[in-house]
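Notes follow once the structure below has been shown.
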Amino acid sequence: EVDAVWCQIKVEGKRYLVGSVYCKPCNNSNDSIRKFEGLLAHIDKAREYKSKYKFNSLLTYGDFNARHHDWGDHVTTQRGKKLLDYVEKETLTLCSPYDCTFVCTNGGSVIDLVLAEGPIISKLGNQWMDKDVELFSGAPRRGHYPVLQEICRGIPKSDTVPRVCMDWKNADWKRWSNAIETNCQHLRSAPELLNQGDQLWQQLLHKIQEANRMFIPQKTVPIFVVLFVS
């Protein structure tokens with residue numbers, strides 16, 4: 001029940017095993033964990049293949065549908081806990097952009113992640129998302145942003161680059177929503193805007209940004225997080 005594709009990439013005489021995986025979400029908690037354990041077992045087989053055929057490193061990119069505060073989500077799920085336990089137990093590295101990789105009308109989640117094993121860990125650099133791309137999977141209101149990863153050549157980078165992001169977990173959501181509702185009241189008395197979709201949207205974005213600054217604290221995090229390195 002695992003959707004996955006694997007390939008071999010050869011760079012400067014070194015072979016890397018690179019995979020893309022997907023674990024479908026499931027409402028039934030028991031089935032959800034069973035499917036996720038199947039994904040982890042699949043990754044274990046890939047790791048065995050890497051060792052057997054002497055690949056330099058392994059990179060697993062995927063939509064894990066596993067959420068956890070440790071990689072920037074505002075929710076922690078059972079899958080997220082299991083993935084964190086797996087990463088720590090198997091001494092892997094997990095990379096996250098610390099921002100919602102999946103967005104929809106009622107929020108978003110950080111579920112598109114990278115697992116790394118081998119010397120390539122020291123060459124992993126900045127990670128970011130292309131937020132200008134068309135969200136073909138559910139345009140225009142829902143979909144996944146492409147997550148891009150820099151892999152440095154030559155001398156490995158010794159330090160991560162810090163970035164400031166929103167601390168969703170400690171946001172005052174009640175005051176945030178009240179502020180947006182209050183600040184948007186004047187739009188009802190401006191009927192000329194109701195037929196100007198772009199202007200109306202820009203006005204709403206401006207009010208949301210104001211509320212973000214007032215009621216969502218910020219925190220400094222690395223662009224990619226090393227949860228555990230062997």
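Scheme for the structure tokens: letters A, B, ... for chains in order shown; per-chain residue numbers from 1; ligand numbers from 1 in order shown.
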**Item:** Residues near Val18 (chain A), cut-off 10 Å, only C-alpha atoms, skip fewer than 2 positions along chain, as a list in words
**Value:** Val5, Trp6, Cys7, Gln8, Ile9, Arg15, Tyr16, Ser20, Ala46, Lys50, Ser57, Leu58, Leu59, Thr60, Tyr61 and Ala116 of chain A
**Request:** Give me every helix (DSSP H, G or I) residue in region 29-222 of chain A, going by DSSP on the backbone, as a PyMOL selection string.
**Result:** chain A and resi 29-52+69-71+78-89+119-123+168-170+173-183+185-188+191-194+197-215
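Coordinates place CA of Val147 (chain A) at a distance of 25.8 Å from CA of His206 (chain A).
Every residue of region 8-71 of chain A with a DSSP assignment of strand (DSSP E), taken from the backbone, is listed as Gln8, Ile9, Lys10, Val11, Lys14, Arg15, Tyr16, Leu17, Val18, Gly19, Ser20, Val21, Tyr22, Ser57, Leu58, Leu59, Thr60, Tyr61, Gly62 and Asp63 of chain A.
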**Fill in**
Shortest contact to Cys184 (chain A), candidates A:Gln209, A:Ser32, A:Thr91, A:Gln203, atoms counted only C-alpha atoms, goes to A:Gln203
**Message:** So, with only C-alpha atoms as the atoms that count, which of A:Asp132, A:Glu117, A:Glu150, A:Asp167 lies closest to Asp73 (chain A)?
**Reply:** A:Asp167
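Distances from A:Ala211, A:Ile120, A:Ile151, A:Val110 to Arg175 (chain A) were compared using only C-alpha atoms, and the smallest one belongs to A:Ala211.
Distance annotation: of A:Gln78, A:Asn56, A:Thr105, A:Pro25, the residue with the minimal separation from Pro119 (chain A) is A:Asn56; atom set is only C-alpha atoms.
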